[in-house]
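The next block holds one structure in the form of structure tokens; read it before the comments.
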Amino acid sequence: MSDFTGYKTFAKIFVWFVFIYVVLFQFIIPFNSLFPAPSIMLESIPDLFSKYKFASALGLTFSAVLFIPIGGFACFYYTKTPVIKSFLKYDFTRWLPSMFNFFPLVFFVFIFALWIGDSLIGEIIALMLVSGFDQKIAMSHRIKKLPLHFGLFAKSAGMSDREIYGKIYGKLLLPYAFEKIGALFLSGWMYAFFYEVISGNYGVGTVLFTTIKYGDTSAFFLIILIMIIVIYVTSLLFKLIQYKVVHWIPDEF
Amino acid sequence: MNSDFILHIENLTKEFYSPTGYKLRLFEDLSFNVLPNQTTTVFAPQGSGKSTLLKILAGLDNGYEGEVKIKDDGKVLLIPDKPDSFQWLSVVDNVKFFAKNLDESEIRKIFDDVGLSGYENHFPHPKSAGFRFRISLARALALKPSVILIDDYFKNIADFETYSEILELVRKLNIVYDKITFVITTANLTEAVFLGEQILLLGKHPAHLIATIENVLPANRDSKILRTGEFEEKINFCKNKIYEYDKNIVLKYGL
């Protein structure tokens, strides 16, 4: 499950992209209306931190996004037994999450952004809700395919249903929960930018919106570049944690 | 009623509703006894309810009519028809997960008996179905049960060498652990005859007993017996029993 091939490939493509960008816009077509020359981007770094207060904006957005893996894992860990039980025992819980297939969860971010507005707490609640729902939907689909034969021996050995749900089925689902949380961690950045652009007066989304408003393309592209690196590194760290926790190769189901 | 039994099944009837809403009768008045300290094989075609029968015997399914009695309320353990060892635990931890109070010497003996010595700290996943079956057996033996039910597992084992080894292992364990009764379901007649001291031939739709056959092959048989005339005779005897019962049954059994 913990495969780093995608990360290695992305890193190679990114380095090539930066190299081509530098060659193209520093030496071949340095003057154009959209893409700034790398030297100009480098000159705008001090402005990014002094005028746009990018460091504190990044800190705030990062702290909001960080709640997704922490909250997602806590949500999985502490609710796995009742959730597995309800999905296995009561039919209606199986189709209930499917309703959200027709309702993009990003609408929740939109609603919260307009309702609660300029608040880091509001953003965190919106991100937690969206990722929590998204995770439960993904898990509900996975629980439908759960290999129940893993619980048969345990049940015949006298283990209670509660123990089987928590200690066996929960463990079977753990690798898939981690995969989902990793994906949510990535999409969480987009949700956070979306929230901040709509209503925030802080965060990277707001800074990005400001650079567009003032036509500061060098700052805009610099932020994009930094964010790609930040998202890449944090995702890689998450993947390493996943690799440590889920140290086995799970059976596919 | 024969008092010399470990499992007594009388007039077992089970019905269920198919996903399309039809009422199906899986077993009808099924009665048999499982004799203690030996291996009973249940030979029945695919889809005849072998897994459900074992779930009922293991006490995991109570939705039936009739009587299922276990002598002295002994412990009955079920090894399902697919590998079920936990991938996140090492081989030894898979055993300790269920048998927490087992001491090291007991674990070592079980591992020697099932052929897992030296693999204590390996993990189940990259290993074959045969290896994972050994783990399932070790887990079961560690709990000191009265009966071990094995649900048509051997079909998962791809190569013939491992397949023969595993069948021989089950035969050997039947002798070493002479206080444990094995009940093995299968859709493979060769398996049923090789493993069983008592063979139950079941019919399908609904499942019912066609014949109970006492197997007189030597107790400590190995896979060499598969090529003997004596074994071939036993197979033919079982086939004839099935043909006598219903000449049109051949396709259902795949014989």
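Naming works like this for the structure tokens: A, B, ... for the chains as they're shown, residue 1 at the start of each chain, ligands 1 onward in shown order.
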> Counting only C-alpha atoms, what is within 7 Å of Asp84 of chain B, bar same-chain residues fewer than 2 positions away, as a list of chain:residue names?
Replying inline: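 Non-adjacent residues within range: A:His149, A:Phe150, B:Lys82, B:Phe86.
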>> I need the chain A residues near chain B as a ChimeraX atom specification; criterion: at most 12 Å, counting only C-alpha atoms.
In response: /A:147-161,163-164,167-175,245-252
>> I need the residues in segment 48-229 of chain B that are strand (DSSP E) according to DSSP; give them as number ranges by chain.
In response: B: 65-70, 76-79, 147-151, 181-186, 198-203, 208-214
Using N, CA and C atoms, can you write the selected residues to a file as a compact mmCIF listing (two decimals), in the first residue's frame?
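Resulting contents of selection36.txt:
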# COMPACT_ATOMS: atom_id res chain seq x y z
N GLU B 65 -34.01 -25.45 12.26
CA GLU B 65 -34.89 -26.33 13.05
C GLU B 65 -34.16 -27.66 13.23
N GLY B 66 -34.48 -28.37 14.29
CA GLY B 66 -33.81 -29.65 14.55
C GLY B 66 -32.89 -29.54 15.75
N GLU B 67 -32.08 -30.56 15.90
CA GLU B 67 -31.24 -30.61 17.09
C GLU B 67 -29.76 -30.73 16.74
N VAL B 68 -28.96 -29.90 17.35
CA VAL B 68 -27.50 -30.02 17.20
C VAL B 68 -26.93 -30.11 18.61
N LYS B 69 -26.31 -31.23 18.89
CA LYS B 69 -25.84 -31.46 20.26
C LYS B 69 -24.32 -31.68 20.26
N ILE B 70 -23.64 -31.02 21.16
CA ILE B 70 -22.19 -31.22 21.29
C ILE B 70 -21.94 -31.89 22.64
N VAL B 76 -15.85 -25.98 19.97
CA VAL B 76 -15.84 -26.29 18.53
C VAL B 76 -15.31 -25.07 17.78
N LEU B 77 -14.22 -25.26 17.05
CA LEU B 77 -13.60 -24.13 16.34
C LEU B 77 -13.75 -24.31 14.83
N LEU B 78 -13.92 -23.20 14.15
CA LEU B 78 -14.14 -23.24 12.70
C LEU B 78 -13.00 -22.57 11.94
N ILE B 79 -12.36 -23.30 11.04
CA ILE B 79 -11.37 -22.71 10.12
C ILE B 79 -12.11 -22.47 8.80
N VAL B 147 -13.42 -30.12 18.98
CA VAL B 147 -13.65 -30.35 17.55
C VAL B 147 -13.05 -29.19 16.74
N ILE B 148 -12.37 -29.54 15.64
CA ILE B 148 -11.93 -28.51 14.69
C ILE B 148 -12.68 -28.75 13.38
N LEU B 149 -13.41 -27.74 12.94
CA LEU B 149 -14.15 -27.82 11.68
C LEU B 149 -13.33 -27.13 10.60
N ILE B 150 -13.11 -27.79 9.49
CA ILE B 150 -12.32 -27.19 8.40
C ILE B 150 -13.22 -27.13 7.17
N ASP B 151 -13.45 -25.90 6.70
CA ASP B 151 -14.43 -25.69 5.63
C ASP B 151 -13.76 -25.63 4.25
N THR B 181 -11.35 -34.04 17.52
CA THR B 181 -12.12 -34.55 16.38
C THR B 181 -12.06 -33.52 15.26
N PHE B 182 -11.84 -34.00 14.06
CA PHE B 182 -11.82 -33.10 12.91
C PHE B 182 -13.05 -33.36 12.04
N VAL B 183 -13.71 -32.30 11.63
CA VAL B 183 -14.80 -32.42 10.64
C VAL B 183 -14.40 -31.55 9.46
N ILE B 184 -14.29 -32.17 8.29
CA ILE B 184 -13.77 -31.45 7.12
C ILE B 184 -14.80 -31.54 6.00
N THR B 185 -15.22 -30.40 5.49
CA THR B 185 -16.13 -30.43 4.33
C THR B 185 -15.30 -30.26 3.06
N THR B 186 -15.74 -30.88 2.00
CA THR B 186 -15.02 -30.78 0.74
C THR B 186 -15.94 -31.13 -0.43
N GLN B 198 -14.50 -41.45 8.67
CA GLN B 198 -15.94 -41.58 8.40
C GLN B 198 -16.26 -40.58 7.29
N ILE B 199 -16.90 -41.06 6.23
CA ILE B 199 -17.23 -40.16 5.11
C ILE B 199 -18.74 -40.02 5.01
N LEU B 200 -19.20 -38.78 5.02
CA LEU B 200 -20.64 -38.54 4.85
C LEU B 200 -20.86 -38.01 3.44
N LEU B 201 -21.67 -38.71 2.66
CA LEU B 201 -21.98 -38.24 1.31
C LEU B 201 -23.31 -37.52 1.35
N LEU B 202 -23.29 -36.24 0.94
CA LEU B 202 -24.52 -35.44 0.99
C LEU B 202 -25.05 -35.16 -0.41
N GLY B 203 -26.36 -35.14 -0.53
CA GLY B 203 -27.01 -34.73 -1.78
C GLY B 203 -27.36 -33.25 -1.70
N HIS B 208 -29.10 -33.52 1.96
CA HIS B 208 -29.57 -34.65 2.76
C HIS B 208 -28.51 -35.74 2.70
N LEU B 209 -28.57 -36.65 3.65
CA LEU B 209 -27.53 -37.68 3.72
C LEU B 209 -27.82 -38.81 2.73
N ILE B 210 -26.85 -39.09 1.86
CA ILE B 210 -26.98 -40.21 0.92
C ILE B 210 -26.42 -41.48 1.56
N ALA B 211 -25.24 -41.36 2.14
CA ALA B 211 -24.63 -42.54 2.75
C ALA B 211 -23.56 -42.14 3.76
N THR B 212 -23.35 -42.99 4.75
CA THR B 212 -22.24 -42.84 5.69
C THR B 212 -21.29 -44.01 5.45
N ILE B 213 -20.04 -43.70 5.17
CA ILE B 213 -19.10 -44.77 4.81
C ILE B 213 -17.96 -44.81 5.83
N GLU B 214 -17.72 -46.00 6.34
CA GLU B 214 -16.57 -46.18 7.23
C GLU B 214 -15.33 -46.41 6.36
> Which polymer residues have any atom within 12 Å of an atom of Lys109 of chain B, counting only C-alpha atoms, with same-chain residues fewer than 6 positions away left out, as a list in words?
Replying inline: Leu102, Asp103, Gly115, Leu116, Ser117, Ala138, Leu141, Ala142, Val176 and Tyr177 of chain B
Can you tell me, as a compact mmCIF listing (two decimals) with all heavy atoms, in the first residue's frame, what residues are no more than 9 Å from Gly166 of chain A when counting only C-alpha atoms, ignoring any on the same chain fewer than 5 positions away?
# COMPACT_ATOMS: atom_id res chain seq x y z
N TYR A 77 -10.49 5.94 14.51
CA TYR A 77 -10.07 5.10 15.62
C TYR A 77 -11.17 4.98 16.68
O TYR A 77 -11.44 3.90 17.17
CB TYR A 77 -8.79 5.67 16.25
CG TYR A 77 -8.16 4.74 17.25
CD1 TYR A 77 -7.38 3.67 16.81
CD2 TYR A 77 -8.38 4.91 18.61
CE1 TYR A 77 -6.82 2.80 17.73
CE2 TYR A 77 -7.82 4.04 19.52
CZ TYR A 77 -7.04 2.99 19.08
OH TYR A 77 -6.49 2.12 19.98
N LYS A 80 -14.73 3.40 15.02
CA LYS A 80 -14.72 2.24 14.11
C LYS A 80 -15.68 1.12 14.55
O LYS A 80 -16.42 0.58 13.73
CB LYS A 80 -13.31 1.70 13.88
CG LYS A 80 -12.59 1.16 15.09
CD LYS A 80 -11.21 0.68 14.70
CE LYS A 80 -10.48 -0.05 15.79
NZ LYS A 80 -10.06 0.73 16.94
N THR A 81 -15.69 0.83 15.86
CA THR A 81 -16.53 -0.29 16.32
C THR A 81 -18.01 -0.01 16.07
O THR A 81 -18.67 -0.83 15.41
CB THR A 81 -16.23 -0.60 17.80
OG1 THR A 81 -14.83 -0.83 17.91
CG2 THR A 81 -16.99 -1.82 18.27
N PRO A 82 -18.57 1.12 16.55
CA PRO A 82 -20.01 1.35 16.26
C PRO A 82 -20.31 1.51 14.78
O PRO A 82 -21.36 1.06 14.32
CB PRO A 82 -20.34 2.63 17.04
CG PRO A 82 -19.04 3.26 17.36
CD PRO A 82 -18.04 2.16 17.44
N ILE A 84 -18.67 0.11 12.13
CA ILE A 84 -18.66 -1.21 11.48
C ILE A 84 -19.91 -2.00 11.88
O ILE A 84 -20.57 -2.59 11.04
CB ILE A 84 -17.37 -1.99 11.86
CG1 ILE A 84 -16.14 -1.31 11.27
CG2 ILE A 84 -17.45 -3.43 11.34
CD1 ILE A 84 -14.81 -1.83 11.79
N ASP A 161 -18.76 -9.93 19.49
CA ASP A 161 -18.89 -9.15 18.25
C ASP A 161 -18.12 -7.84 18.35
O ASP A 161 -17.47 -7.42 17.40
CB ASP A 161 -20.38 -8.84 17.98
CG ASP A 161 -21.09 -10.05 17.41
OD1 ASP A 161 -20.40 -11.02 17.06
OD2 ASP A 161 -22.33 -10.02 17.33
N LYS A 171 -8.91 -3.41 12.16
CA LYS A 171 -7.52 -3.53 11.71
C LYS A 171 -7.45 -3.80 10.20
O LYS A 171 -6.55 -3.32 9.53
CB LYS A 171 -6.86 -4.68 12.47
CG LYS A 171 -5.39 -4.54 12.65
CD LYS A 171 -5.02 -3.59 13.74
CE LYS A 171 -3.52 -3.58 13.94
NZ LYS A 171 -3.10 -2.64 14.96
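Here atom CA of Ile198 of chain A and atom CA of Gly215 of chain A stand 18.6 Å from one another.
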>> Quick check for you: according to DSSP on this backbone, which residues of segment 40-244 of chain B are classed as alpha helix (DSSP H)? Reply as a PyMOL selection string.
In response: chain B and resi 50-57+91-98+104-114+129-142+160-176+189-195+229-244
>> Between atom CA of Tyr153 of chain B and atom CA of Asp246 of chain B, what distance in Å does the model show, to one decimal?
In response: 27.3 Å
Near Glu43 of chain A, counting only C-alpha atoms, which residues have an atom at most 10 Å away, once you skip same-chain residues fewer than 4 positions from it, shown as a PDB file with C-alpha atoms, in the first residue's frame?
ATOM      1  CA  PRO A  38      12.755  33.496 -12.152  1.00  0.00           C
ATOM      2  CA  SER A  39      15.118  36.306 -11.125  1.00  0.00           C
ATOM      3  CA  ASP A  47       8.010  41.272  -0.197  1.00  0.00           C
ATOM      4  CA  LEU A  48       6.099  38.032   0.138  1.00  0.00           C
ATOM      5  CA  SER A 218       5.670  37.000  -9.533  1.00  0.00           C
ATOM      6  CA  ALA A 219       4.289  36.699  -5.971  1.00  0.00           C
TER       7      ALA A 219
END
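A straight line drawn from atom CA of Ala183 of chain A to atom CA of Leu88 of chain A is 25.2 Å long.
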> Which polymer residues have any atom within 12 Å of an atom of segment 19-33 of chain A, counting only C-alpha atoms, with same-chain residues fewer than 6 positions away left out, as a list in words?
Replying inline: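 Neighbouring residues, sequence-local ones excluded: Lys12, Ile13, Ser39, Ile40, Met41, Leu42, Gly215, Asp216, Thr217, Ser218, Phe221 and Leu225 of chain A.
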For segment 56-63 of chain A, list every protein, DNA or RNA residue within 7 Å, evaluated using only C-alpha atoms, and leave out those in the same chain fewer than 2 positions away; present the list as a tab-separated table (two decimals) with N, CA and C atoms, in the first residue's frame.
chain	number	residue	atom	x	y	z
A	53	LYS	N	2.71	39.02	4.42
A	53	LYS	CA	2.75	38.21	5.67
A	53	LYS	C	2.46	36.72	5.36
A	54	PHE	N	3.23	36.24	4.40
A	54	PHE	CA	2.99	34.87	3.91
A	54	PHE	C	3.28	33.81	4.99
A	65	VAL	N	-5.38	22.76	8.01
A	65	VAL	CA	-5.32	21.52	7.19
A	65	VAL	C	-4.83	20.34	8.04
A	66	LEU	N	-3.97	20.64	9.01
A	66	LEU	CA	-3.42	19.58	9.86
A	66	LEU	C	-4.52	18.84	10.65
A	67	PHE	N	-5.64	19.55	10.86
A	67	PHE	CA	-6.74	18.91	11.58
A	67	PHE	C	-7.35	17.75	10.78
A	192	ALA	N	-9.27	24.33	1.96
A	192	ALA	CA	-8.84	25.45	2.80
A	192	ALA	C	-8.69	26.72	1.97
A	202	TYR	N	-7.31	35.89	6.23
A	202	TYR	CA	-6.05	35.31	6.70
A	202	TYR	C	-5.76	34.15	5.78
A	203	GLY	N	-4.67	33.49	5.96
A	203	GLY	CA	-4.38	32.24	5.25
A	203	GLY	C	-3.87	32.43	3.84
A	204	VAL	N	-3.36	31.32	3.30
A	204	VAL	CA	-2.73	31.35	1.98
A	204	VAL	C	-3.75	31.69	0.88
>> For a quick check of understanding, using only C-alpha atoms, which of A:Ala177, A:Ile124, A:Val109, A:Leu222 has the smallest distance to Gln242 of chain A?
In response: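 Answer, going by the shortest atom-to-atom distance: A:Ala177.
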